[in-house]
>>> print(open('run_7.cif').read())   # mmCIF, C-alpha atoms
data_model
loop_
_atom_site.group_PDB
_atom_site.id
_atom_site.type_symbol
_atom_site.label_atom_id
_atom_site.label_comp_id
_atom_site.auth_asym_id
_atom_site.auth_seq_id
_atom_site.Cartn_x
_atom_site.Cartn_y
_atom_site.Cartn_z
ATOM 1 C CA MET A 87 136.780 105.944 172.375
ATOM 2 C CA GLU A 88 138.386 108.912 170.608
ATOM 3 C CA GLN A 89 136.158 108.319 167.599
ATOM 4 C CA GLN A 90 133.108 108.382 169.875
ATOM 5 C CA GLU A 91 134.237 111.697 171.384
ATOM 6 C CA ASN A 92 134.729 113.163 167.898
ATOM 7 C CA MET A 93 131.296 111.999 166.873
ATOM 8 C CA SER A 94 129.672 113.664 169.903
ATOM 9 C CA LEU A 95 131.463 116.902 168.967
ATOM 10 C CA PHE A 96 129.609 116.927 165.649
ATOM 11 C CA GLU A 97 126.343 115.733 167.177
ATOM 12 C CA LEU A 98 123.436 118.142 167.374
ATOM 13 C CA ASN A 99 122.744 118.825 171.046
ATOM 14 C CA ILE A 100 119.512 119.925 172.654
ATOM 15 C CA ASP A 101 120.339 122.902 174.832
ATOM 16 C CA GLY A 102 118.256 124.666 177.481
ATOM 17 C CA THR A 103 116.445 126.961 174.989
ATOM 18 C CA THR A 104 115.487 124.051 172.704
ATOM 19 C CA ALA A 105 114.381 122.024 175.741
ATOM 20 C CA THR A 106 112.115 124.903 176.854
ATOM 21 C CA GLN A 107 110.525 125.050 173.377
ATOM 22 C CA LEU A 108 110.094 121.265 173.318
ATOM 23 C CA ASN A 109 108.558 121.281 176.817
ATOM 24 C CA ALA A 110 105.983 123.933 175.836
ATOM 25 C CA THR A 111 105.253 122.053 172.585
ATOM 26 C CA GLY A 112 104.689 118.863 174.574
ATOM 27 C CA LYS A 113 102.308 120.553 177.020
ATOM 28 C CA TRP A 114 100.188 122.066 174.218
ATOM 29 C CA ALA A 115 100.194 118.816 172.226
ATOM 30 C CA LYS A 116 98.940 116.974 175.332
ATOM 31 C CA PHE A 117 96.275 119.626 175.858
ATOM 32 C CA CYS A 118 95.081 119.279 172.220
ATOM 33 C CA ALA A 119 94.834 115.486 172.540
ATOM 34 C CA ILE A 120 92.952 115.688 175.870
ATOM 35 C CA THR A 121 90.523 118.280 174.407
ATOM 36 C CA ILE A 122 89.815 116.038 171.414
ATOM 37 C CA TRP A 123 89.271 113.038 173.717
ATOM 38 C CA SER A 124 86.871 115.077 175.880
ATOM 39 C CA MET A 125 84.886 116.167 172.816
ATOM 40 C CA ILE A 126 84.764 112.573 171.539
ATOM 41 C CA GLY A 127 83.556 111.469 174.988
ATOM 42 C CA ILE A 128 80.794 114.085 175.055
ATOM 43 C CA LEU A 129 79.707 113.254 171.483
ATOM 44 C CA PHE A 130 79.709 109.528 172.301
ATOM 45 C CA LEU A 131 77.538 110.038 175.403
ATOM 46 C CA ILE A 132 75.139 112.193 173.372
ATOM 47 C CA LEU A 133 75.046 109.527 170.666
ATOM 48 C CA VAL A 134 74.279 106.740 173.153
ATOM 49 C CA PHE A 135 71.819 108.488 175.494
ATOM 50 C CA PHE A 136 70.135 111.047 173.256
ATOM 51 C CA SER A 137 70.177 109.381 169.822
ATOM 52 C CA SER A 138 66.375 108.970 169.793
ATOM 53 C CA LYS A 139 65.883 112.629 170.706
ATOM 54 C CA LEU A 140 68.376 113.760 168.034
ATOM 55 C CA ILE A 141 66.665 111.643 165.381
ATOM 56 C CA ASP A 142 63.280 113.074 166.485
ATOM 57 C CA LEU A 143 64.752 116.547 166.114
ATOM 58 C CA MET A 144 65.958 115.695 162.592
ATOM 59 C CA TYR A 145 62.408 114.666 161.573
ATOM 60 C CA LYS A 146 61.147 118.143 162.496
ATOM 61 C CA PHE A 147 63.599 119.849 160.124
ATOM 62 C CA MET A 148 62.873 117.493 157.210
ATOM 63 C CA PRO A 149 60.172 117.782 154.552
ATOM 64 C CA MET A 150 57.319 115.264 155.023
ATOM 65 C CA ASN A 151 58.299 112.813 152.231
ATOM 66 C CA GLN A 152 61.981 112.682 153.323
ATOM 67 C CA SER A 153 60.955 112.377 156.975
ATOM 68 C CA ASP A 154 59.093 109.109 156.280
ATOM 69 C CA ALA A 155 62.092 107.588 154.481
ATOM 70 C CA PHE A 156 64.387 108.741 157.290
ATOM 71 C CA SER A 157 62.066 107.295 159.906
ATOM 72 C CA SER A 158 62.011 103.867 158.252
ATOM 73 C CA ALA A 159 65.806 103.901 157.712
ATOM 74 C CA PHE A 160 66.497 104.633 161.394
ATOM 75 C CA SER A 161 64.110 102.177 162.949
ATOM 76 C CA GLY A 162 65.368 99.371 165.194
ATOM 77 C CA SER A 163 68.598 97.685 164.187
ATOM 78 C CA ALA A 164 69.609 100.396 161.695
ATOM 79 C CA LYS A 165 69.852 102.871 164.579
ATOM 80 C CA MET A 166 72.099 100.428 166.439
ATOM 81 C CA LEU A 167 74.307 100.083 163.361
ATOM 82 C CA VAL A 168 74.689 103.866 163.154
ATOM 83 C CA ILE A 169 75.731 103.974 166.834
ATOM 84 C CA ILE A 170 78.281 101.168 166.237
ATOM 85 C CA ALA A 171 79.640 102.865 163.093
ATOM 86 C CA PHE A 172 80.051 106.185 164.931
ATOM 87 C CA SER A 173 81.678 104.380 167.884
ATOM 88 C CA ILE A 174 84.266 102.859 165.526
ATOM 89 C CA ILE A 175 84.956 106.275 163.957
ATOM 90 C CA PHE A 176 85.277 107.874 167.421
ATOM 91 C CA GLY A 177 87.623 105.041 168.479
ATOM 92 C CA LEU A 178 89.851 105.555 165.438
ATOM 93 C CA VAL A 179 90.018 109.325 165.996
ATOM 94 C CA ALA A 180 90.818 108.752 169.707
ATOM 95 C CA ALA A 181 93.640 106.329 168.784
ATOM 96 C CA TYR A 182 94.954 108.808 166.192
ATOM 97 C CA TYR A 183 95.115 111.568 168.818
ATOM 98 C CA GLY A 184 96.670 109.049 171.201
ATOM 99 C CA LEU A 185 99.813 109.463 169.097
ATOM 100 C CA VAL A 186 99.762 113.232 169.748
ATOM 101 C CA TYR A 187 99.298 112.541 173.477
ATOM 102 C CA LYS A 188 102.243 110.114 173.451
ATOM 103 C CA PHE A 189 104.334 112.707 171.587
ATOM 104 C CA GLY A 190 103.431 115.409 174.100
ATOM 105 C CA SER A 191 103.830 113.379 177.273
ATOM 106 C CA ASN A 192 107.130 111.829 176.169
ATOM 107 C CA LEU A 193 108.426 115.248 175.143
ATOM 108 C CA VAL A 194 107.577 116.702 178.561
ATOM 109 C CA LYS A 195 109.146 113.667 180.271
ATOM 110 C CA ALA A 196 112.274 113.888 178.100
ATOM 111 C CA THR A 197 112.854 117.560 178.820
ATOM 112 C CA ASN A 198 112.029 117.351 182.542
ATOM 113 C CA ASP A 199 114.039 114.194 183.299
ATOM 114 C CA GLN A 200 116.716 114.553 180.551
ATOM 115 C CA ASP A 201 115.478 111.195 179.251
ATOM 116 C CA GLN A 202 116.940 110.389 175.817
ATOM 117 C CA ASN A 203 114.742 107.287 175.451
ATOM 118 C CA ALA A 204 111.562 109.336 175.981
ATOM 119 C CA LEU A 205 112.785 111.836 173.370
ATOM 120 C CA GLU A 206 113.221 109.007 170.831
ATOM 121 C CA LYS A 207 109.729 107.652 171.663
ATOM 122 C CA ALA A 208 108.197 111.143 171.325
ATOM 123 C CA PHE A 209 109.535 111.705 167.817
ATOM 124 C CA ASN A 210 108.673 108.138 166.804
ATOM 125 C CA SER A 211 105.019 108.772 167.766
ATOM 126 C CA TYR A 212 105.045 112.123 165.976
ATOM 127 C CA LYS A 213 106.475 110.482 162.846
ATOM 128 C CA THR A 214 103.613 107.931 162.798
ATOM 129 C CA PHE A 215 101.089 110.713 163.432
ATOM 130 C CA LEU A 216 102.444 112.797 160.530
ATOM 131 C CA ILE A 217 102.477 109.799 158.147
ATOM 132 C CA ILE A 218 98.792 109.077 158.922
ATOM 133 C CA THR A 219 97.951 112.806 158.662
ATOM 134 C CA GLY A 220 99.771 113.003 155.316
ATOM 135 C CA ILE A 221 97.842 110.050 153.870
ATOM 136 C CA ILE A 222 94.502 111.469 155.130
ATOM 137 C CA THR A 223 95.369 114.928 153.720
ATOM 138 C CA ILE A 224 96.303 113.496 150.297
ATOM 139 C CA LEU A 225 93.003 111.560 150.217
ATOM 140 C CA GLY A 226 91.144 114.739 151.243
ATOM 141 C CA VAL A 227 92.767 116.755 148.454
ATOM 142 C CA VAL A 228 91.960 114.071 145.855
ATOM 143 C CA ILE A 229 88.313 113.850 147.023
ATOM 144 C CA SER A 230 87.803 117.643 147.024
ATOM 145 C CA LEU A 231 89.503 117.878 143.596
ATOM 146 C CA PHE A 232 87.043 115.323 142.205
ATOM 147 C CA SER A 233 84.076 117.095 143.777
ATOM 148 C CA ILE A 234 85.147 120.430 142.235
ATOM 149 C CA LEU A 235 85.750 118.917 138.767
ATOM 150 C CA LYS A 236 82.405 117.059 138.880
ATOM 151 C CA MET B 299 128.693 124.889 187.150
ATOM 152 C CA GLU B 300 130.321 122.242 185.013
ATOM 153 C CA GLN B 301 127.770 119.765 186.291
ATOM 154 C CA ASN B 302 124.949 122.142 185.279
ATOM 155 C CA GLN B 303 126.335 122.421 181.754
ATOM 156 C CA SER B 304 126.600 118.659 181.368
ATOM 157 C CA GLU B 305 122.958 118.383 182.562
ATOM 158 C CA ILE B 306 121.797 120.871 179.943
ATOM 159 C CA PHE B 307 123.530 118.998 177.135
ATOM 160 C CA ASN B 308 122.366 115.577 178.277
ATOM 161 C CA LEU B 309 119.884 115.268 175.372
ATOM 162 C CA SER B 310 121.187 114.971 171.855
ATOM 163 C CA VAL B 311 120.075 114.118 168.328
ATOM 164 C CA THR B 312 121.274 110.519 167.980
ATOM 165 C CA PRO B 313 121.478 108.832 164.532
ATOM 166 C CA SER B 314 118.121 107.012 165.027
ATOM 167 C CA LEU B 315 116.453 110.245 166.194
ATOM 168 C CA ARG B 316 117.993 112.025 163.198
ATOM 169 C CA ASN B 317 116.435 109.422 160.840
ATOM 170 C CA ASN B 318 113.030 109.889 162.507
ATOM 171 C CA MET B 319 113.401 113.654 162.224
ATOM 172 C CA PHE B 320 114.198 113.425 158.494
ATOM 173 C CA THR B 321 111.010 111.357 157.996
ATOM 174 C CA ILE B 322 109.118 113.987 160.040
ATOM 175 C CA VAL B 323 110.552 116.715 157.768
ATOM 176 C CA THR B 324 109.348 114.909 154.609
ATOM 177 C CA TRP B 325 105.825 114.249 155.894
ATOM 178 C CA ALA B 326 105.422 117.644 157.581
ATOM 179 C CA LYS B 327 106.337 119.360 154.288
ATOM 180 C CA LEU B 328 103.904 117.112 152.413
ATOM 181 C CA CYS B 329 101.117 117.819 154.953
ATOM 182 C CA ALA B 330 101.738 121.575 154.725
ATOM 183 C CA ILE B 331 101.762 121.602 150.896
ATOM 184 C CA CYS B 332 98.592 119.453 150.776
ATOM 185 C CA GLY B 333 97.081 121.856 153.318
ATOM 186 C CA PHE B 334 97.805 124.807 151.007
ATOM 187 C CA VAL B 335 96.263 122.953 148.019
ATOM 188 C CA SER B 336 93.242 121.993 150.142
ATOM 189 C CA GLY B 337 92.876 125.637 151.255
ATOM 190 C CA GLY B 338 92.948 126.778 147.627
ATOM 191 C CA LEU B 339 90.337 124.184 146.653
ATOM 192 C CA SER B 340 88.008 125.130 149.523
ATOM 193 C CA LEU B 341 88.411 128.794 148.517
ATOM 194 C CA ILE B 342 87.322 127.894 144.949
ATOM 195 C CA SER B 343 84.270 126.007 146.222
ATOM 196 C CA GLY B 344 83.586 128.865 148.688
ATOM 197 C CA ILE B 345 83.526 131.387 145.824
ATOM 198 C CA LYS B 346 81.124 129.111 143.934
ATOM 199 C CA GLY B 347 78.920 128.616 147.017
ATOM 200 C CA ASP B 348 77.273 131.110 149.349
ATOM 201 C CA ASN B 349 79.461 130.883 152.477
ATOM 202 C CA LEU B 350 82.455 132.935 151.326
ATOM 203 C CA PHE B 351 83.110 134.677 154.666
ATOM 204 C CA GLY B 352 83.310 131.417 156.647
ATOM 205 C CA THR B 353 85.512 129.831 153.970
ATOM 206 C CA LEU B 354 87.869 132.834 153.977
ATOM 207 C CA ILE B 355 88.327 132.687 157.766
ATOM 208 C CA SER B 356 88.869 128.909 157.889
ATOM 209 C CA THR B 357 91.266 129.054 154.900
ATOM 210 C CA ALA B 358 93.263 131.906 156.491
ATOM 211 C CA ILE B 359 93.621 129.974 159.761
ATOM 212 C CA GLY B 360 94.562 126.795 157.856
ATOM 213 C CA VAL B 361 97.154 128.597 155.714
ATOM 214 C CA PHE B 362 98.710 130.251 158.792
ATOM 215 C CA LEU B 363 98.983 126.910 160.620
ATOM 216 C CA ASN B 364 100.472 125.240 157.535
ATOM 217 C CA ILE B 365 103.037 128.060 157.189
ATOM 218 C CA LEU B 366 104.147 127.295 160.773
ATOM 219 C CA LEU B 367 104.337 123.560 159.974
ATOM 220 C CA LEU B 368 106.317 124.226 156.788
ATOM 221 C CA ASN B 369 108.699 126.572 158.658
ATOM 222 C CA PHE B 370 109.194 123.895 161.324
ATOM 223 C CA ALA B 371 110.024 121.263 158.700
ATOM 224 C CA THR B 372 112.286 123.509 156.600
ATOM 225 C CA LYS B 373 114.263 124.764 159.606
ATOM 226 C CA LEU B 374 114.531 121.275 161.108
ATOM 227 C CA SER B 375 115.967 120.049 157.808
ATOM 228 C CA VAL B 376 118.530 122.904 157.775
ATOM 229 C CA ALA B 377 119.403 122.277 161.451
ATOM 230 C CA LEU B 378 119.968 118.561 160.825
ATOM 231 C CA ASN B 379 122.095 119.169 157.748
ATOM 232 C CA THR B 380 124.249 121.949 159.237
ATOM 233 C CA ASN B 381 124.189 120.857 162.930
ATOM 234 C CA ASP B 382 123.060 124.392 163.775
ATOM 235 C CA GLU B 383 121.510 124.596 167.246
ATOM 236 C CA GLY B 384 120.115 128.096 166.638
ATOM 237 C CA THR B 385 118.065 126.864 163.668
ATOM 238 C CA LEU B 386 116.916 123.879 165.752
ATOM 239 C CA VAL B 387 115.527 126.301 168.376
ATOM 240 C CA GLU B 388 113.749 128.306 165.629
ATOM 241 C CA SER B 389 112.336 125.090 164.206
ATOM 242 C CA PHE B 390 110.835 123.935 167.506
ATOM 243 C CA SER B 391 109.621 127.457 168.222
ATOM 244 C CA ASN B 392 107.445 127.137 165.075
ATOM 245 C CA LEU B 393 106.119 123.758 166.269
ATOM 246 C CA ARG B 394 105.339 125.257 169.706
ATOM 247 C CA ARG B 395 103.389 128.109 168.070
ATOM 248 C CA TYR B 396 101.583 125.567 165.853
ATOM 249 C CA TYR B 397 100.337 123.616 168.885
ATOM 250 C CA LEU B 398 99.649 126.788 170.889
ATOM 251 C CA ILE B 399 97.336 128.154 168.151
ATOM 252 C CA THR B 400 95.739 124.712 167.615
ATOM 253 C CA GLY B 401 95.101 124.488 171.371
ATOM 254 C CA ILE B 402 93.493 127.949 171.511
ATOM 255 C CA LEU B 403 91.347 127.118 168.455
ATOM 256 C CA MET B 404 90.272 123.881 170.147
ATOM 257 C CA ILE B 405 89.157 125.803 173.257
ATOM 258 C CA ILE B 406 87.079 128.141 171.035
ATOM 259 C CA VAL B 407 85.577 125.255 169.016
ATOM 260 C CA SER B 408 84.782 123.274 172.203
ATOM 261 C CA VAL B 409 82.947 126.272 173.702
ATOM 262 C CA ILE B 410 80.980 126.759 170.451
ATOM 263 C CA ILE B 411 80.040 123.042 170.330
ATOM 264 C CA VAL B 412 78.901 123.043 173.978
ATOM 265 C CA ILE B 413 76.798 126.217 173.420
ATOM 266 C CA ALA B 414 75.315 124.708 170.214
ATOM 267 C CA LEU B 415 74.424 121.468 172.029
ATOM 268 C CA VAL B 416 72.809 123.321 174.938
ATOM 269 C CA ALA B 417 70.824 125.445 172.459
ATOM 270 C CA LEU B 418 69.807 122.334 170.516
ATOM 271 C CA PHE B 419 68.514 120.523 173.595
ATOM 272 C CA ALA B 420 66.784 123.674 174.877
ATOM 273 C CA PHE B 421 65.092 123.983 171.465
ATOM 274 C CA ALA B 422 64.111 120.295 171.533
ATOM 275 C CA ALA B 423 62.658 120.652 175.046
ATOM 276 C CA THR B 424 60.457 123.604 174.066
ATOM 277 C CA ARG B 425 58.972 121.730 171.091
#
>>> encode(input="run_7.cif", output="structure tokens")
Amino acid sequence: MEQQENMSLFELNIDGTTATQLNATGKWAKFCAITIWSMIGILFLILVFFSSKLIDLMYKFMPMNQSDAFSSAFSGSAKMLVIIAFSIIFGLVAAYYGLVYKFGSNLVKATNDQDQNALEKAFNSYKTFLIITGIITILGVVISLFSILK
Amino acid sequence: MEQNQSEIFNLSVTPSLRNNMFTIVTWAKLCAICGFVSGGLSLISGIKGDNLFGTLISTAIGVFLNILLLNFATKLSVALNTNDEGTLVESFSNLRRYYLITGILMIIVSVIIVIALVALFAFAATR
């Protein structure tokens, strides 16, 4: 019991000022995730309902010889494949930002309700998000390094 | 009064949370450093290409955001090692600013995308 009390004396506590910062961070993180989801939703709807119009528009900006190749590449099932591929990419990005949403909402919940469990969940989600971001960033750096050296 | 104080200090950095935070520190530092390298690389390709102004603006924004992320990670590491609550506040203040600026940038980008889409469809309708 005494040992537990001693341990809590040396534990880092989250006071009112830190909680305010965490609450604001959570709200903005949630906002960022919702904005990304909205943009993905809009882009997905455009992709599904206006894909033919967008492809028509692309023909107009292309030189004649490239336009023919483009037209044959995007006919029928190839167009469907492009929609499916983009849907998968949109789904992955939405899931990735789901981690930011979880971080934000759990952070807000933790600071509003003094919920230690929600605080743990928030930082667990943020850890996963940062690991994925780190791997993507390293890959990005390697790819841009290769493209510059090429 | 005493009850209020105990409510304020209800949340704490438990050993499992501390472990998660140390992992966050490592990856946040890595992300920030990779962000700086990526900014430098895009600046090099921007100088080679013709869109230097756009590259300069995007690199400046990226570098500023990565400075905030690096500050968050560095101060969180110090706070965890020294059990300093003041540094913990500073650390989370940097993370708050990071998300605040990202949020504002997202509003701007969303407005630009919506305007571009409207213009694109208006252009397509006139043709």
>>> interface_residues(input="run_7.cif", of="chain A", to="chain B", cutoff="9 Å", atoms="all atoms listed in the file", output="PyMOL selection string")
chain A and resi 94+96-105+107-115+117-118+121-122+125+139-140+142-143+196-197+200-202+205-206+209-210+212-214+216-217+219-221+223-224+226-227+230-231+234
>>> closest_residue(input="run_7.cif", among="A:Ile128, A:Leu225, A:Val134, A:Ile120", to="Ala180 of chain A", atoms="all atoms listed in the file")
A:Ile120
>>> residues_around(input="run_7.cif", residues="Leu133 of chain A", least_positions_apart="6", cutoff="12 Å", atoms="all atoms listed in the file", output="list of chain:residue names")
A:Ile126, A:Gly127, A:Lys139, A:Leu140, A:Ile141, A:Lys165, A:Met166, A:Leu167, A:Val168, A:Ile169, A:Ile170, A:Ala171, A:Phe172, A:Ser173, A:Phe176
>>> atom_distance(input="run_7.cif", atom1="atom CA of Ala119 of chain A", atom2="atom CA of Ser191 of chain A")
10.4 Å
>>> atom_distance(input="run_7.cif", atom1="atom CA of Asn192 of chain A", atom2="atom CA of Ser124 of chain A")
20.5 Å
>>> atom_distance(input="run_7.cif", atom1="atom CA of Lys116 of chain A", atom2="atom CA of Ala181 of chain A")
13.6 Å
>>> decode(input="run_7.cif", residues="segment 301-399 of chain B", atoms="C-alpha atoms", output="JSON list (two decimals), in the first residue's frame")
[["chain", "number", "residue", "atom", "x", "y", "z"],
["B", 301, "GLN", "CA", -12.51, 17.14, -3.94],
["B", 302, "ASN", "CA", -11.86, 19.52, -6.87],
["B", 303, "GLN", "CA", -8.12, 18.94, -6.62],
["B", 304, "SER", "CA", -8.52, 15.17, -6.59],
["B", 305, "GLU", "CA", -10.75, 15.49, -9.70],
["B", 306, "ILE", "CA", -8.10, 17.49, -11.54],
["B", 307, "PHE", "CA", -5.40, 14.93, -10.80],
["B", 308, "ASN", "CA", -7.56, 11.94, -11.65],
["B", 309, "LEU", "CA", -5.66, 11.27, -14.91],
["B", 310, "SER", "CA", -2.07, 10.15, -14.75],
["B", 311, "VAL", "CA", 0.70, 8.70, -16.91],
["B", 312, "THR", "CA", 0.57, 5.01, -15.98],
["B", 313, "PRO", "CA", 3.46, 2.65, -16.88],
["B", 314, "SER", "CA", 1.62, 1.29, -19.98],
["B", 315, "LEU", "CA", 0.76, 4.83, -21.12],
["B", 316, "ARG", "CA", 4.39, 5.81, -20.52],
["B", 317, "ASN", "CA", 5.55, 2.94, -22.80],
["B", 318, "ASN", "CA", 3.11, 4.05, -25.51],
["B", 319, "MET", "CA", 4.32, 7.63, -25.14],
["B", 320, "PHE", "CA", 7.97, 6.57, -25.53],
["B", 321, "THR", "CA", 7.04, 4.76, -28.77],
["B", 322, "ILE", "CA", 5.17, 7.91, -29.88],
["B", 323, "VAL", "CA", 8.31, 9.97, -29.13],
["B", 324, "THR", "CA", 10.49, 7.68, -31.29],
["B", 325, "TRP", "CA", 8.12, 7.63, -34.27],
["B", 326, "ALA", "CA", 7.19, 11.32, -34.05],
["B", 327, "LYS", "CA", 10.90, 12.24, -34.14],
["B", 328, "LEU", "CA", 11.43, 9.89, -37.09],
["B", 329, "CYS", "CA", 8.41, 11.36, -38.94],
["B", 330, "ALA", "CA", 9.64, 14.91, -38.32],
["B", 331, "ILE", "CA", 13.22, 14.16, -39.47],
["B", 332, "CYS", "CA", 11.92, 12.34, -42.58],
["B", 333, "GLY", "CA", 9.65, 15.34, -43.17],
["B", 334, "PHE", "CA", 12.67, 17.68, -43.11],
["B", 335, "VAL", "CA", 14.58, 15.40, -45.54],
["B", 336, "SER", "CA", 11.51, 15.18, -47.80],
["B", 337, "GLY", "CA", 11.18, 18.99, -47.70],
["B", 338, "GLY", "CA", 14.83, 19.36, -48.71],
["B", 339, "LEU", "CA", 14.40, 16.88, -51.57],
["B", 340, "SER", "CA", 11.26, 18.60, -52.88],
["B", 341, "LEU", "CA", 13.12, 21.93, -52.70],
["B", 342, "ILE", "CA", 15.92, 20.43, -54.86],
["B", 343, "SER", "CA", 13.43, 19.13, -57.42],
["B", 344, "GLY", "CA", 11.57, 22.49, -57.24],
["B", 345, "ILE", "CA", 14.78, 24.37, -58.11],
["B", 346, "LYS", "CA", 15.33, 21.99, -61.03],
["B", 347, "GLY", "CA", 11.70, 22.34, -62.20],
["B", 348, "ASP", "CA", 9.61, 25.40, -62.99],
["B", 349, "ASN", "CA", 7.29, 25.61, -59.95],
["B", 350, "LEU", "CA", 9.69, 27.10, -57.40],
["B", 351, "PHE", "CA", 7.16, 29.41, -55.71],
["B", 352, "GLY", "CA", 4.65, 26.62, -55.00],
["B", 353, "THR", "CA", 7.43, 24.32, -53.77],
["B", 354, "LEU", "CA", 8.79, 27.03, -51.44],
["B", 355, "ILE", "CA", 5.36, 27.62, -49.85],
["B", 356, "SER", "CA", 4.57, 23.91, -49.40],
["B", 357, "THR", "CA", 8.08, 23.22, -48.03],
["B", 358, "ALA", "CA", 7.82, 26.13, -45.56],
["B", 359, "ILE", "CA", 4.45, 24.88, -44.27],
["B", 360, "GLY", "CA", 5.79, 21.31, -44.05],
["B", 361, "VAL", "CA", 8.94, 22.39, -42.19],
["B", 362, "PHE", "CA", 6.90, 24.48, -39.72],
["B", 363, "LEU", "CA", 4.54, 21.57, -38.99],
["B", 364, "ASN", "CA", 7.47, 19.18, -38.56],
["B", 365, "ILE", "CA", 9.17, 21.61, -36.15],
["B", 366, "LEU", "CA", 5.99, 21.50, -34.02],
["B", 367, "LEU", "CA", 5.96, 17.67, -34.19],
["B", 368, "LEU", "CA", 9.65, 17.49, -33.26],
["B", 369, "ASN", "CA", 9.13, 19.93, -30.36],
["B", 370, "PHE", "CA", 6.20, 17.82, -29.14],
["B", 371, "ALA", "CA", 8.30, 14.65, -29.23],
["B", 372, "THR", "CA", 11.41, 16.20, -27.65],
["B", 373, "LYS", "CA", 9.47, 17.85, -24.82],
["B", 374, "LEU", "CA", 7.38, 14.73, -24.20],
["B", 375, "SER", "CA", 10.60, 12.73, -23.88],
["B", 376, "VAL", "CA", 12.01, 15.26, -21.37],
["B", 377, "ALA", "CA", 8.71, 15.32, -19.43],
["B", 378, "LEU", "CA", 8.63, 11.52, -19.19],
["B", 379, "ASN", "CA", 12.25, 11.28, -18.09],
["B", 380, "THR", "CA", 12.11, 14.09, -15.51],
["B", 381, "ASN", "CA", 8.42, 13.79, -14.46],
["B", 382, "ASP", "CA", 8.09, 17.51, -15.18],
["B", 383, "GLU", "CA", 4.45, 18.56, -15.59],
["B", 384, "GLY", "CA", 5.39, 21.98, -17.01],
["B", 385, "THR", "CA", 7.27, 20.36, -19.90],
["B", 386, "LEU", "CA", 4.34, 17.99, -20.44],
["B", 387, "VAL", "CA", 2.03, 21.01, -20.89],
["B", 388, "GLU", "CA", 4.51, 22.57, -23.37],
["B", 389, "SER", "CA", 4.71, 19.28, -25.24],
["B", 390, "PHE", "CA", 0.94, 18.97, -25.69],
["B", 391, "SER", "CA", 0.70, 22.66, -26.53],
["B", 392, "ASN", "CA", 2.92, 21.91, -29.57],
["B", 393, "LEU", "CA", 0.67, 18.98, -30.56],
["B", 394, "ARG", "CA", -2.42, 21.22, -30.21],
["B", 395, "ARG", "CA", -0.83, 23.84, -32.49],
["B", 396, "TYR", "CA", 0.13, 21.08, -34.96],
["B", 397, "TYR", "CA", -3.48, 19.92, -35.27],
["B", 398, "LEU", "CA", -4.84, 23.48, -35.22],
["B", 399, "ILE", "CA", -2.67, 24.47, -38.22]]
